[in-house]
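Peer 1: Input structure: run-v1.cif, which contains mmCIF, N, CA and C atoms.
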```cif
data_coords
loop_
_atom_site.label_atom_id
_atom_site.label_comp_id
_atom_site.auth_asym_id
_atom_site.auth_seq_id
_atom_site.Cartn_x
_atom_site.Cartn_y
_atom_site.Cartn_z
N MET A 119 -27.90 -7.27 17.55
CA MET A 119 -27.97 -8.54 16.86
C MET A 119 -27.37 -8.39 15.46
N ILE A 120 -26.55 -9.33 15.08
CA ILE A 120 -25.90 -9.28 13.77
C ILE A 120 -26.79 -9.97 12.74
N GLU A 121 -27.06 -9.27 11.67
CA GLU A 121 -27.85 -9.83 10.57
C GLU A 121 -26.93 -10.55 9.60
N LYS A 122 -27.37 -11.70 9.13
CA LYS A 122 -26.63 -12.43 8.11
C LYS A 122 -27.19 -12.07 6.74
N VAL A 123 -26.30 -11.71 5.82
CA VAL A 123 -26.69 -11.39 4.45
C VAL A 123 -25.82 -12.24 3.52
N PHE A 124 -26.48 -13.02 2.68
CA PHE A 124 -25.73 -13.81 1.70
C PHE A 124 -25.28 -12.88 0.58
N VAL A 125 -24.03 -13.03 0.15
CA VAL A 125 -23.48 -12.17 -0.90
C VAL A 125 -23.33 -12.97 -2.18
N ASP A 126 -23.95 -12.49 -3.23
CA ASP A 126 -23.91 -13.15 -4.54
C ASP A 126 -22.75 -12.61 -5.37
N THR A 127 -22.42 -13.34 -6.39
CA THR A 127 -21.29 -13.02 -7.27
C THR A 127 -21.35 -11.59 -7.81
N GLY A 128 -22.49 -11.19 -8.33
CA GLY A 128 -22.62 -9.87 -8.95
C GLY A 128 -22.31 -8.72 -8.02
N ALA A 129 -22.63 -8.87 -6.74
CA ALA A 129 -22.36 -7.81 -5.77
C ALA A 129 -20.86 -7.60 -5.60
N LEU A 130 -20.11 -8.68 -5.64
CA LEU A 130 -18.65 -8.57 -5.51
C LEU A 130 -17.99 -8.09 -6.80
N ILE A 131 -18.45 -8.59 -7.92
CA ILE A 131 -17.89 -8.16 -9.21
C ILE A 131 -18.11 -6.66 -9.38
N ALA A 132 -19.33 -6.20 -9.10
CA ALA A 132 -19.64 -4.78 -9.24
C ALA A 132 -18.82 -3.93 -8.26
N ARG A 133 -18.57 -4.47 -7.09
CA ARG A 133 -17.75 -3.74 -6.11
C ARG A 133 -16.31 -3.57 -6.59
N TYR A 134 -15.74 -4.63 -7.12
CA TYR A 134 -14.32 -4.63 -7.45
C TYR A 134 -13.98 -4.04 -8.81
N LEU A 135 -14.90 -4.07 -9.75
CA LEU A 135 -14.60 -3.58 -11.10
C LEU A 135 -15.24 -2.22 -11.35
N LYS A 136 -14.43 -1.20 -11.42
CA LYS A 136 -14.94 0.15 -11.63
C LYS A 136 -15.69 0.30 -12.94
N LYS A 137 -15.34 -0.51 -13.94
CA LYS A 137 -16.01 -0.41 -15.24
C LYS A 137 -17.35 -1.14 -15.28
N ASP A 138 -17.71 -1.85 -14.21
CA ASP A 138 -19.01 -2.53 -14.14
C ASP A 138 -20.11 -1.49 -14.06
N ASN A 139 -21.20 -1.70 -14.79
CA ASN A 139 -22.28 -0.71 -14.82
C ASN A 139 -23.01 -0.57 -13.48
N LEU A 140 -22.83 -1.50 -12.56
CA LEU A 140 -23.45 -1.41 -11.24
C LEU A 140 -22.45 -1.03 -10.14
N HIS A 141 -21.26 -0.59 -10.54
CA HIS A 141 -20.20 -0.30 -9.57
C HIS A 141 -20.63 0.74 -8.52
N SER A 142 -21.16 1.85 -8.94
CA SER A 142 -21.54 2.92 -8.00
C SER A 142 -22.60 2.43 -7.03
N LYS A 143 -23.58 1.72 -7.54
CA LYS A 143 -24.64 1.18 -6.69
C LYS A 143 -24.07 0.18 -5.69
N ALA A 144 -23.19 -0.68 -6.16
CA ALA A 144 -22.57 -1.69 -5.30
C ALA A 144 -21.75 -1.04 -4.20
N VAL A 145 -20.95 -0.05 -4.55
CA VAL A 145 -20.11 0.63 -3.56
C VAL A 145 -20.97 1.27 -2.48
N GLY A 146 -22.06 1.89 -2.88
CA GLY A 146 -22.98 2.49 -1.91
C GLY A 146 -23.57 1.46 -0.95
N LEU A 147 -23.93 0.31 -1.48
CA LEU A 147 -24.48 -0.75 -0.63
C LEU A 147 -23.41 -1.37 0.27
N TRP A 148 -22.17 -1.48 -0.24
CA TRP A 148 -21.07 -1.98 0.60
C TRP A 148 -20.80 -1.02 1.75
N LEU A 149 -20.88 0.28 1.51
CA LEU A 149 -20.71 1.25 2.60
C LEU A 149 -21.79 1.07 3.65
N LYS A 150 -22.99 0.79 3.21
CA LYS A 150 -24.11 0.53 4.13
C LYS A 150 -23.82 -0.72 4.97
N ILE A 151 -23.30 -1.77 4.35
CA ILE A 151 -22.95 -3.00 5.08
C ILE A 151 -21.88 -2.72 6.12
N GLU A 152 -20.86 -1.93 5.75
CA GLU A 152 -19.75 -1.65 6.65
C GLU A 152 -20.18 -0.87 7.89
N LYS A 153 -21.28 -0.12 7.78
CA LYS A 153 -21.77 0.68 8.90
C LYS A 153 -22.78 -0.08 9.76
N ALA A 154 -23.21 -1.24 9.31
CA ALA A 154 -24.27 -1.98 10.01
C ALA A 154 -23.71 -3.25 10.65
N PRO A 155 -24.43 -3.79 11.61
CA PRO A 155 -24.02 -5.08 12.20
C PRO A 155 -24.44 -6.23 11.28
N VAL A 156 -23.67 -6.41 10.22
CA VAL A 156 -23.98 -7.41 9.19
C VAL A 156 -22.80 -8.36 9.03
N GLN A 157 -23.12 -9.65 9.00
CA GLN A 157 -22.11 -10.64 8.63
C GLN A 157 -22.42 -11.10 7.22
N CYS A 158 -21.43 -11.03 6.35
CA CYS A 158 -21.59 -11.44 4.96
C CYS A 158 -21.32 -12.94 4.86
N ILE A 159 -22.29 -13.65 4.31
CA ILE A 159 -22.18 -15.09 4.13
C ILE A 159 -21.90 -15.35 2.66
N ILE A 160 -21.00 -16.28 2.40
CA ILE A 160 -20.61 -16.60 1.03
C ILE A 160 -20.29 -18.09 0.96
N SER A 161 -20.38 -18.65 -0.22
CA SER A 161 -20.04 -20.07 -0.39
C SER A 161 -18.80 -20.19 -1.28
N PRO A 162 -18.15 -21.34 -1.24
CA PRO A 162 -16.99 -21.56 -2.12
C PRO A 162 -17.35 -21.44 -3.60
N LEU A 163 -18.59 -21.77 -3.96
CA LEU A 163 -18.99 -21.64 -5.36
C LEU A 163 -19.02 -20.18 -5.80
N ILE A 164 -19.45 -19.31 -4.91
CA ILE A 164 -19.45 -17.88 -5.23
C ILE A 164 -18.01 -17.39 -5.33
N ILE A 165 -17.15 -17.82 -4.42
CA ILE A 165 -15.74 -17.45 -4.50
C ILE A 165 -15.15 -17.90 -5.83
N HIS A 166 -15.48 -19.11 -6.24
CA HIS A 166 -14.99 -19.63 -7.52
C HIS A 166 -15.46 -18.75 -8.68
N GLU A 167 -16.74 -18.41 -8.69
CA GLU A 167 -17.26 -17.56 -9.77
C GLU A 167 -16.58 -16.19 -9.78
N VAL A 168 -16.43 -15.60 -8.61
CA VAL A 168 -15.80 -14.28 -8.53
C VAL A 168 -14.35 -14.34 -9.00
N ALA A 169 -13.62 -15.36 -8.56
CA ALA A 169 -12.22 -15.49 -8.98
C ALA A 169 -12.11 -15.66 -10.49
N THR A 170 -12.96 -16.47 -11.05
CA THR A 170 -12.94 -16.71 -12.50
C THR A 170 -13.26 -15.43 -13.27
N LEU A 171 -14.33 -14.75 -12.87
CA LEU A 171 -14.73 -13.53 -13.59
C LEU A 171 -13.71 -12.40 -13.43
N LEU A 172 -13.17 -12.23 -12.23
CA LEU A 172 -12.16 -11.19 -12.04
C LEU A 172 -10.89 -11.50 -12.83
N SER A 173 -10.52 -12.77 -12.90
CA SER A 173 -9.35 -13.15 -13.71
C SER A 173 -9.56 -12.80 -15.17
N ARG A 174 -10.75 -13.04 -15.67
CA ARG A 174 -11.05 -12.79 -17.08
C ARG A 174 -11.23 -11.31 -17.38
N ARG A 175 -11.93 -10.60 -16.50
CA ARG A 175 -12.26 -9.20 -16.77
C ARG A 175 -11.16 -8.23 -16.35
N ALA A 176 -10.32 -8.65 -15.42
CA ALA A 176 -9.18 -7.82 -15.00
C ALA A 176 -7.91 -8.63 -15.25
N ASN A 177 -7.44 -9.35 -14.24
CA ASN A 177 -6.29 -10.25 -14.40
C ASN A 177 -6.19 -11.15 -13.18
N PRO A 178 -5.43 -12.25 -13.29
CA PRO A 178 -5.34 -13.20 -12.18
C PRO A 178 -4.76 -12.62 -10.88
N LEU A 179 -3.82 -11.69 -10.98
CA LEU A 179 -3.26 -11.09 -9.76
C LEU A 179 -4.30 -10.27 -9.02
N PHE A 180 -5.07 -9.51 -9.76
CA PHE A 180 -6.16 -8.72 -9.18
C PHE A 180 -7.17 -9.66 -8.52
N ALA A 181 -7.53 -10.73 -9.22
CA ALA A 181 -8.49 -11.70 -8.70
C ALA A 181 -7.99 -12.31 -7.39
N ALA A 182 -6.73 -12.74 -7.38
CA ALA A 182 -6.16 -13.36 -6.18
C ALA A 182 -6.16 -12.38 -5.00
N GLU A 183 -5.83 -11.12 -5.27
CA GLU A 183 -5.82 -10.11 -4.21
C GLU A 183 -7.22 -9.94 -3.60
N LYS A 184 -8.23 -9.86 -4.44
CA LYS A 184 -9.60 -9.64 -3.95
C LYS A 184 -10.13 -10.88 -3.23
N ILE A 185 -9.85 -12.05 -3.74
CA ILE A 185 -10.31 -13.28 -3.08
C ILE A 185 -9.61 -13.43 -1.74
N ARG A 186 -8.33 -13.14 -1.69
CA ARG A 186 -7.59 -13.20 -0.43
C ARG A 186 -8.22 -12.25 0.61
N SER A 187 -8.64 -11.08 0.16
CA SER A 187 -9.24 -10.12 1.09
C SER A 187 -10.55 -10.66 1.68
N ILE A 188 -11.27 -11.47 0.91
CA ILE A 188 -12.49 -12.10 1.43
C ILE A 188 -12.12 -13.11 2.52
N TYR A 189 -11.14 -13.96 2.23
CA TYR A 189 -10.71 -14.96 3.21
C TYR A 189 -10.19 -14.33 4.50
N LEU A 190 -9.54 -13.19 4.41
CA LEU A 190 -8.94 -12.55 5.58
C LEU A 190 -9.89 -11.64 6.34
N SER A 191 -11.03 -11.34 5.75
CA SER A 191 -11.97 -10.40 6.35
C SER A 191 -12.80 -11.07 7.45
N SER A 192 -12.92 -10.40 8.57
CA SER A 192 -13.80 -10.89 9.63
C SER A 192 -15.28 -10.65 9.29
N ARG A 193 -15.52 -9.84 8.29
CA ARG A 193 -16.89 -9.56 7.86
C ARG A 193 -17.52 -10.75 7.14
N PHE A 194 -16.68 -11.57 6.49
CA PHE A 194 -17.17 -12.71 5.70
C PHE A 194 -17.10 -14.02 6.48
N ARG A 195 -18.11 -14.83 6.29
CA ARG A 195 -18.11 -16.21 6.78
C ARG A 195 -18.41 -17.11 5.58
N ILE A 196 -17.56 -18.07 5.37
CA ILE A 196 -17.71 -18.99 4.24
C ILE A 196 -18.41 -20.25 4.71
N LEU A 197 -19.57 -20.54 4.12
CA LEU A 197 -20.31 -21.76 4.45
C LEU A 197 -20.13 -22.74 3.31
N ARG A 198 -19.59 -23.89 3.63
CA ARG A 198 -19.23 -24.87 2.63
C ARG A 198 -20.33 -25.87 2.30
N GLY A 199 -21.19 -26.19 3.22
CA GLY A 199 -22.24 -27.15 2.94
C GLY A 199 -21.72 -28.57 2.89
N ASP A 200 -22.58 -29.48 2.50
CA ASP A 200 -22.22 -30.90 2.39
C ASP A 200 -22.98 -31.51 1.23
N SER A 201 -22.86 -32.82 1.08
CA SER A 201 -23.50 -33.48 -0.07
C SER A 201 -25.02 -33.37 -0.01
N ASP A 202 -25.59 -33.31 1.19
CA ASP A 202 -27.05 -33.13 1.29
C ASP A 202 -27.47 -31.79 0.69
N LEU A 203 -26.68 -30.74 0.97
CA LEU A 203 -27.00 -29.44 0.39
C LEU A 203 -26.77 -29.43 -1.12
N GLU A 204 -25.79 -30.17 -1.57
CA GLU A 204 -25.54 -30.25 -3.02
C GLU A 204 -26.72 -30.94 -3.73
N ILE A 205 -27.26 -31.97 -3.12
CA ILE A 205 -28.44 -32.64 -3.68
C ILE A 205 -29.64 -31.71 -3.62
N GLU A 206 -29.77 -30.97 -2.53
CA GLU A 206 -30.86 -30.00 -2.40
C GLU A 206 -30.76 -28.94 -3.50
N ALA A 207 -29.55 -28.53 -3.83
CA ALA A 207 -29.36 -27.55 -4.92
C ALA A 207 -29.88 -28.10 -6.24
N LEU A 208 -29.67 -29.38 -6.48
CA LEU A 208 -30.19 -30.00 -7.71
C LEU A 208 -31.72 -29.98 -7.72
N LYS A 209 -32.32 -30.25 -6.58
CA LYS A 209 -33.79 -30.21 -6.47
C LYS A 209 -34.31 -28.80 -6.73
N ILE A 210 -33.59 -27.81 -6.22
CA ILE A 210 -33.97 -26.41 -6.44
C ILE A 210 -33.87 -26.07 -7.93
N MET A 211 -32.83 -26.53 -8.58
CA MET A 211 -32.69 -26.30 -10.03
C MET A 211 -33.87 -26.91 -10.78
N GLU A 212 -34.27 -28.09 -10.38
CA GLU A 212 -35.40 -28.76 -11.03
C GLU A 212 -36.71 -28.03 -10.76
N LYS A 213 -36.91 -27.63 -9.51
CA LYS A 213 -38.16 -26.94 -9.15
C LYS A 213 -38.31 -25.62 -9.89
N TYR A 214 -37.20 -24.90 -10.05
CA TYR A 214 -37.24 -23.59 -10.69
C TYR A 214 -36.60 -23.63 -12.08
N ALA A 215 -36.88 -24.68 -12.81
CA ALA A 215 -36.29 -24.86 -14.14
C ALA A 215 -36.67 -23.74 -15.10
N ASP A 216 -37.74 -23.02 -14.81
CA ASP A 216 -38.16 -21.91 -15.67
C ASP A 216 -37.34 -20.64 -15.42
N LEU A 217 -36.52 -20.63 -14.37
CA LEU A 217 -35.65 -19.49 -14.08
C LEU A 217 -34.23 -19.78 -14.55
N PRO A 218 -33.47 -18.75 -14.85
CA PRO A 218 -32.07 -18.97 -15.26
C PRO A 218 -31.15 -19.16 -14.06
N LEU A 219 -31.47 -20.15 -13.21
CA LEU A 219 -30.66 -20.41 -12.02
C LEU A 219 -29.44 -21.25 -12.38
N SER A 220 -28.29 -20.78 -12.01
CA SER A 220 -27.08 -21.60 -12.15
C SER A 220 -27.03 -22.55 -10.97
N TYR A 221 -26.14 -23.52 -11.06
CA TYR A 221 -25.95 -24.42 -9.92
C TYR A 221 -25.45 -23.64 -8.70
N ALA A 222 -24.59 -22.67 -8.92
CA ALA A 222 -24.10 -21.83 -7.81
C ALA A 222 -25.26 -21.08 -7.14
N ASP A 223 -26.19 -20.57 -7.94
CA ASP A 223 -27.36 -19.89 -7.38
C ASP A 223 -28.22 -20.86 -6.58
N ALA A 224 -28.45 -22.04 -7.14
CA ALA A 224 -29.26 -23.05 -6.44
C ALA A 224 -28.59 -23.48 -5.14
N PHE A 225 -27.28 -23.64 -5.16
CA PHE A 225 -26.54 -24.00 -3.95
C PHE A 225 -26.62 -22.87 -2.93
N SER A 226 -26.56 -21.62 -3.40
CA SER A 226 -26.70 -20.47 -2.52
C SER A 226 -28.07 -20.48 -1.84
N ILE A 227 -29.09 -20.77 -2.60
CA ILE A 227 -30.46 -20.84 -2.05
C ILE A 227 -30.54 -21.96 -1.02
N ALA A 228 -29.95 -23.09 -1.30
CA ALA A 228 -29.95 -24.20 -0.35
C ALA A 228 -29.27 -23.80 0.96
N ILE A 229 -28.14 -23.12 0.86
CA ILE A 229 -27.43 -22.64 2.06
C ILE A 229 -28.28 -21.63 2.81
N MET A 230 -28.88 -20.70 2.09
CA MET A 230 -29.69 -19.67 2.74
C MET A 230 -30.87 -20.30 3.48
N ARG A 231 -31.48 -21.28 2.89
CA ARG A 231 -32.58 -21.97 3.56
C ARG A 231 -32.09 -22.75 4.78
N GLU A 232 -31.00 -23.46 4.62
CA GLU A 232 -30.45 -24.27 5.72
C GLU A 232 -30.07 -23.42 6.93
N TYR A 233 -29.52 -22.25 6.69
CA TYR A 233 -29.04 -21.39 7.77
C TYR A 233 -29.99 -20.23 8.07
N ASN A 234 -31.19 -20.29 7.53
CA ASN A 234 -32.24 -19.31 7.79
C ASN A 234 -31.78 -17.88 7.51
N ILE A 235 -31.16 -17.69 6.37
CA ILE A 235 -30.71 -16.37 5.93
C ILE A 235 -31.78 -15.80 5.01
N LYS A 236 -32.30 -14.64 5.37
CA LYS A 236 -33.45 -14.07 4.66
C LYS A 236 -33.09 -13.05 3.59
N ARG A 237 -31.91 -12.42 3.74
CA ARG A 237 -31.55 -11.35 2.79
C ARG A 237 -30.32 -11.72 2.00
N VAL A 238 -30.30 -11.20 0.78
CA VAL A 238 -29.20 -11.50 -0.13
C VAL A 238 -28.78 -10.21 -0.84
N PHE A 239 -27.48 -10.01 -0.90
CA PHE A 239 -26.92 -8.87 -1.62
C PHE A 239 -26.67 -9.36 -3.04
N THR A 240 -27.57 -8.98 -3.91
CA THR A 240 -27.53 -9.44 -5.29
C THR A 240 -28.16 -8.40 -6.20
N PHE A 241 -27.84 -8.51 -7.46
CA PHE A 241 -28.52 -7.70 -8.47
C PHE A 241 -29.39 -8.59 -9.36
N ASP A 242 -29.44 -9.89 -9.04
CA ASP A 242 -30.27 -10.85 -9.78
C ASP A 242 -31.64 -10.93 -9.13
N GLU A 243 -32.68 -10.95 -9.94
CA GLU A 243 -34.04 -11.05 -9.42
C GLU A 243 -34.42 -12.48 -9.05
N ASP A 244 -33.64 -13.46 -9.47
CA ASP A 244 -33.97 -14.86 -9.20
C ASP A 244 -34.16 -15.13 -7.71
N PHE A 245 -33.34 -14.52 -6.88
CA PHE A 245 -33.41 -14.76 -5.44
C PHE A 245 -34.71 -14.22 -4.84
N THR A 246 -35.18 -13.08 -5.33
CA THR A 246 -36.43 -12.53 -4.79
C THR A 246 -37.62 -13.35 -5.29
N VAL A 247 -37.53 -13.89 -6.48
CA VAL A 247 -38.60 -14.72 -7.03
C VAL A 247 -38.83 -15.96 -6.17
N VAL A 248 -37.75 -16.51 -5.60
CA VAL A 248 -37.88 -17.71 -4.78
C VAL A 248 -38.07 -17.40 -3.29
N GLY A 249 -38.25 -16.11 -2.93
CA GLY A 249 -38.67 -15.78 -1.59
C GLY A 249 -37.70 -15.04 -0.68
N PHE A 250 -36.55 -14.63 -1.20
CA PHE A 250 -35.59 -13.90 -0.37
C PHE A 250 -35.74 -12.40 -0.61
N THR A 251 -35.24 -11.62 0.33
CA THR A 251 -35.31 -10.17 0.25
C THR A 251 -33.94 -9.64 -0.16
N ALA A 252 -33.94 -8.77 -1.15
CA ALA A 252 -32.67 -8.18 -1.61
C ALA A 252 -32.21 -7.14 -0.61
N PHE A 253 -30.90 -7.14 -0.34
CA PHE A 253 -30.30 -6.12 0.53
C PHE A 253 -30.24 -4.82 -0.26
N ARG A 254 -30.85 -3.80 0.26
CA ARG A 254 -30.87 -2.49 -0.41
C ARG A 254 -30.59 -1.38 0.56
#
```
Kindly transcribe the structure held in the file into structure tokens.
Peer 2:
Amino acid sequence: MIEKVFVDTGALIARYLKKDNLHSKAVGLWLKIEKAPVQCIISPLIIHEVATLLSRRANPLFAAEKIRSIYLSSRFRILRGDSDLEIEALKIMEKYADLPLSYADAFSIAIMREYNIKRVFTFDEDFTVVGFTAFR
């Protein structure tokens, strides 16, 4: 059985940028994913965040190369959602207003709930606070 794991922005940034302080940890966890029956789930908002951060921290060509590799990988599935999930993300932001949840994080939570995804590859504690299990 293939397990679905939602992938957050930080997991990808740490994987791609050697100068990131979580790079070694991220690479080790990515190796674990590659050896397991895991499908990585991602949203367009996460792709947007990753592209923006990689462009700023490295350069646009590097960012485009890495984003293209996500689109071409059979390991990744991109879930786009709809306006109902976008409204649900706003409700999640309101419910957890005491947490530093971005709209992208709230949308990720909405997708994870909608598709019954229990684990998330992240270095942010916000996801575990709202009930998900971190991929380790």
Peer 1: How far is it from CA of Arg193 in chain A to CA of Val156 in chain A, in Å with one decimal?
Peer 2: 7.5 Å
Peer 1: Please return, as a list in words, all residues of chain A that DSSP assigns to strand (DSSP E or B) on the basis of the backbone.
Peer 2: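 For chain A, the strand (DSSP E or B) set is Glu121, Lys122, Val123, Phe124, Val125, Val156, Gln157, Cys158, Ile159, Ile160, Phe194, Arg195, Ile196, Arg237, Val238, Phe239, Thr251 and Ala252 of chain A.
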Peer 1: Considering only N, CA and C atoms, can you say which of A:Phe194, A:Phe180, A:Phe253, A:Phe239 comes closest to Leu130 in chain A?
Peer 2: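 Counting only N, CA and C atoms, the residue closest to Leu130 in chain A is A:Phe239.
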Peer 1: Enumerate, as a ChimeraX atom specification, the complete set of residues in chain A that a backbone-based DSSP assignment places in helix (DSSP H, G or I).
Peer 2: /A:127-134,141-153,162-175,178-190,201-213,221-232,244-247
Peer 1: Around the point (-32.4, -12.2, 0.8), in the coordinates given by the file, pick out the residues reaching within 5 Å, counting all atoms listed in the file, and return them as a PyMOL selection string.
Peer 2: chain A and resi 236-238+250-252
Peer 1: Report as a list in words the residues that result from applying the PyMOL selection byres (((chain A and resi 204 and name CA) around 10) and name CA) to the structure here.
Peer 2: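 For this structure, the PyMOL selection byres (((chain A and resi 204 and name CA) around 10) and name CA) resolves to Gly199, Asp200, Ser201, Asp202, Leu203, Ile205, Glu206, Ala207, Leu208, Lys209, Ile210, Tyr221, Ala222, Ala224, Phe225, Ser226, Ala228 and Ile229 of chain A.
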Peer 1: Which one of A:Ile120, A:Lys137, A:Ser161, A:Leu172 sits closest to Tyr189 in chain A if you count only C-alpha atoms?
Peer 2: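 Closest candidate: A:Ser161.
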Peer 1: Out of A:Leu197, A:Glu121, A:Val168, A:Leu219, which residue has the shortest atom-to-atom distance to Glu232 in chain A when counting only C-alpha atoms?
Peer 2: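 Residue with the minimum atom-to-atom distance to Glu232 in chain A: A:Leu197.
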Peer 1: Which distance in Å separates atom N of Thr170 in chain A and atom C of Glu152 in chain A, to one decimal?
Peer 2: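 About the pair atom N of Thr170 in chain A and atom C of Glu152 in chain A: they are 25.6 Å apart.
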Peer 1: What gap, in Å, lies between CA of Pro218 in chain A and CA of Asp138 in chain A?
Peer 2: 21.0 Å
Peer 1: Run the PyMOL selection byres (((chain A and resi 144 and name CA) around 12) and name CA) on the file and write out the hits as an NGL selection string.
Peer 2: :A and (125-143 or 145-151 or 239-241 or 253-254)
Peer 1: Please dump the current selection as an mmCIF file, keeping the file's coordinate frame; keep N, CA and C atoms.
Peer 2:
```
data_model
loop_
_atom_site.group_PDB
_atom_site.id
_atom_site.type_symbol
_atom_site.label_atom_id
_atom_site.label_comp_id
_atom_site.auth_asym_id
_atom_site.auth_seq_id
_atom_site.Cartn_x
_atom_site.Cartn_y
_atom_site.Cartn_z
ATOM 1 N N VAL A 125 -24.030 -13.030 0.150
ATOM 2 C CA VAL A 125 -23.480 -12.170 -0.900
ATOM 3 C C VAL A 125 -23.330 -12.970 -2.180
ATOM 4 N N ASP A 126 -23.950 -12.490 -3.230
ATOM 5 C CA ASP A 126 -23.910 -13.150 -4.540
ATOM 6 C C ASP A 126 -22.750 -12.610 -5.370
ATOM 7 N N THR A 127 -22.420 -13.340 -6.390
ATOM 8 C CA THR A 127 -21.290 -13.020 -7.270
ATOM 9 C C THR A 127 -21.350 -11.590 -7.810
ATOM 10 N N GLY A 128 -22.490 -11.190 -8.330
ATOM 11 C CA GLY A 128 -22.620 -9.870 -8.950
ATOM 12 C C GLY A 128 -22.310 -8.720 -8.020
ATOM 13 N N ALA A 129 -22.630 -8.870 -6.740
ATOM 14 C CA ALA A 129 -22.360 -7.810 -5.770
ATOM 15 C C ALA A 129 -20.860 -7.600 -5.600
ATOM 16 N N LEU A 130 -20.110 -8.680 -5.640
ATOM 17 C CA LEU A 130 -18.650 -8.570 -5.510
ATOM 18 C C LEU A 130 -17.990 -8.090 -6.800
ATOM 19 N N ILE A 131 -18.450 -8.590 -7.920
ATOM 20 C CA ILE A 131 -17.890 -8.160 -9.210
ATOM 21 C C ILE A 131 -18.110 -6.660 -9.380
ATOM 22 N N ALA A 132 -19.330 -6.200 -9.100
ATOM 23 C CA ALA A 132 -19.640 -4.780 -9.240
ATOM 24 C C ALA A 132 -18.820 -3.930 -8.260
ATOM 25 N N ARG A 133 -18.570 -4.470 -7.090
ATOM 26 C CA ARG A 133 -17.750 -3.740 -6.110
ATOM 27 C C ARG A 133 -16.310 -3.570 -6.590
ATOM 28 N N TYR A 134 -15.740 -4.630 -7.120
ATOM 29 C CA TYR A 134 -14.320 -4.630 -7.450
ATOM 30 C C TYR A 134 -13.980 -4.040 -8.810
ATOM 31 N N LEU A 135 -14.900 -4.070 -9.750
ATOM 32 C CA LEU A 135 -14.600 -3.580 -11.100
ATOM 33 C C LEU A 135 -15.240 -2.220 -11.350
ATOM 34 N N LYS A 136 -14.430 -1.200 -11.420
ATOM 35 C CA LYS A 136 -14.940 0.150 -11.630
ATOM 36 C C LYS A 136 -15.690 0.300 -12.940
ATOM 37 N N LYS A 137 -15.340 -0.510 -13.940
ATOM 38 C CA LYS A 137 -16.010 -0.410 -15.240
ATOM 39 C C LYS A 137 -17.350 -1.140 -15.280
ATOM 40 N N ASP A 138 -17.710 -1.850 -14.210
ATOM 41 C CA ASP A 138 -19.010 -2.530 -14.140
ATOM 42 C C ASP A 138 -20.110 -1.490 -14.060
ATOM 43 N N ASN A 139 -21.200 -1.700 -14.790
ATOM 44 C CA ASN A 139 -22.280 -0.710 -14.820
ATOM 45 C C ASN A 139 -23.010 -0.570 -13.480
ATOM 46 N N LEU A 140 -22.830 -1.500 -12.560
ATOM 47 C CA LEU A 140 -23.450 -1.410 -11.240
ATOM 48 C C LEU A 140 -22.450 -1.030 -10.140
ATOM 49 N N HIS A 141 -21.260 -0.590 -10.540
ATOM 50 C CA HIS A 141 -20.200 -0.300 -9.570
ATOM 51 C C HIS A 141 -20.630 0.740 -8.520
ATOM 52 N N SER A 142 -21.160 1.850 -8.940
ATOM 53 C CA SER A 142 -21.540 2.920 -8.000
ATOM 54 C C SER A 142 -22.600 2.430 -7.030
ATOM 55 N N LYS A 143 -23.580 1.720 -7.540
ATOM 56 C CA LYS A 143 -24.640 1.180 -6.690
ATOM 57 C C LYS A 143 -24.070 0.180 -5.690
ATOM 58 N N VAL A 145 -20.950 -0.050 -4.550
ATOM 59 C CA VAL A 145 -20.110 0.630 -3.560
ATOM 60 C C VAL A 145 -20.970 1.270 -2.480
ATOM 61 N N GLY A 146 -22.060 1.890 -2.880
ATOM 62 C CA GLY A 146 -22.980 2.490 -1.910
ATOM 63 C C GLY A 146 -23.570 1.460 -0.950
ATOM 64 N N LEU A 147 -23.930 0.310 -1.480
ATOM 65 C CA LEU A 147 -24.480 -0.750 -0.630
ATOM 66 C C LEU A 147 -23.410 -1.370 0.270
ATOM 67 N N TRP A 148 -22.170 -1.480 -0.240
ATOM 68 C CA TRP A 148 -21.070 -1.980 0.600
ATOM 69 C C TRP A 148 -20.800 -1.020 1.750
ATOM 70 N N LEU A 149 -20.880 0.280 1.510
ATOM 71 C CA LEU A 149 -20.710 1.250 2.600
ATOM 72 C C LEU A 149 -21.790 1.070 3.650
ATOM 73 N N LYS A 150 -22.990 0.790 3.210
ATOM 74 C CA LYS A 150 -24.110 0.530 4.130
ATOM 75 C C LYS A 150 -23.820 -0.720 4.970
ATOM 76 N N ILE A 151 -23.300 -1.770 4.350
ATOM 77 C CA ILE A 151 -22.950 -3.000 5.080
ATOM 78 C C ILE A 151 -21.880 -2.720 6.120
ATOM 79 N N PHE A 239 -27.480 -10.010 -0.900
ATOM 80 C CA PHE A 239 -26.920 -8.870 -1.620
ATOM 81 C C PHE A 239 -26.670 -9.360 -3.040
ATOM 82 N N THR A 240 -27.570 -8.980 -3.910
ATOM 83 C CA THR A 240 -27.530 -9.440 -5.290
ATOM 84 C C THR A 240 -28.160 -8.400 -6.200
ATOM 85 N N PHE A 241 -27.840 -8.510 -7.460
ATOM 86 C CA PHE A 241 -28.520 -7.700 -8.470
ATOM 87 C C PHE A 241 -29.390 -8.590 -9.360
ATOM 88 N N PHE A 253 -30.900 -7.140 -0.340
ATOM 89 C CA PHE A 253 -30.300 -6.120 0.530
ATOM 90 C C PHE A 253 -30.240 -4.820 -0.260
ATOM 91 N N ARG A 254 -30.850 -3.800 0.260
ATOM 92 C CA ARG A 254 -30.870 -2.490 -0.410
ATOM 93 C C ARG A 254 -30.590 -1.380 0.560
#
```
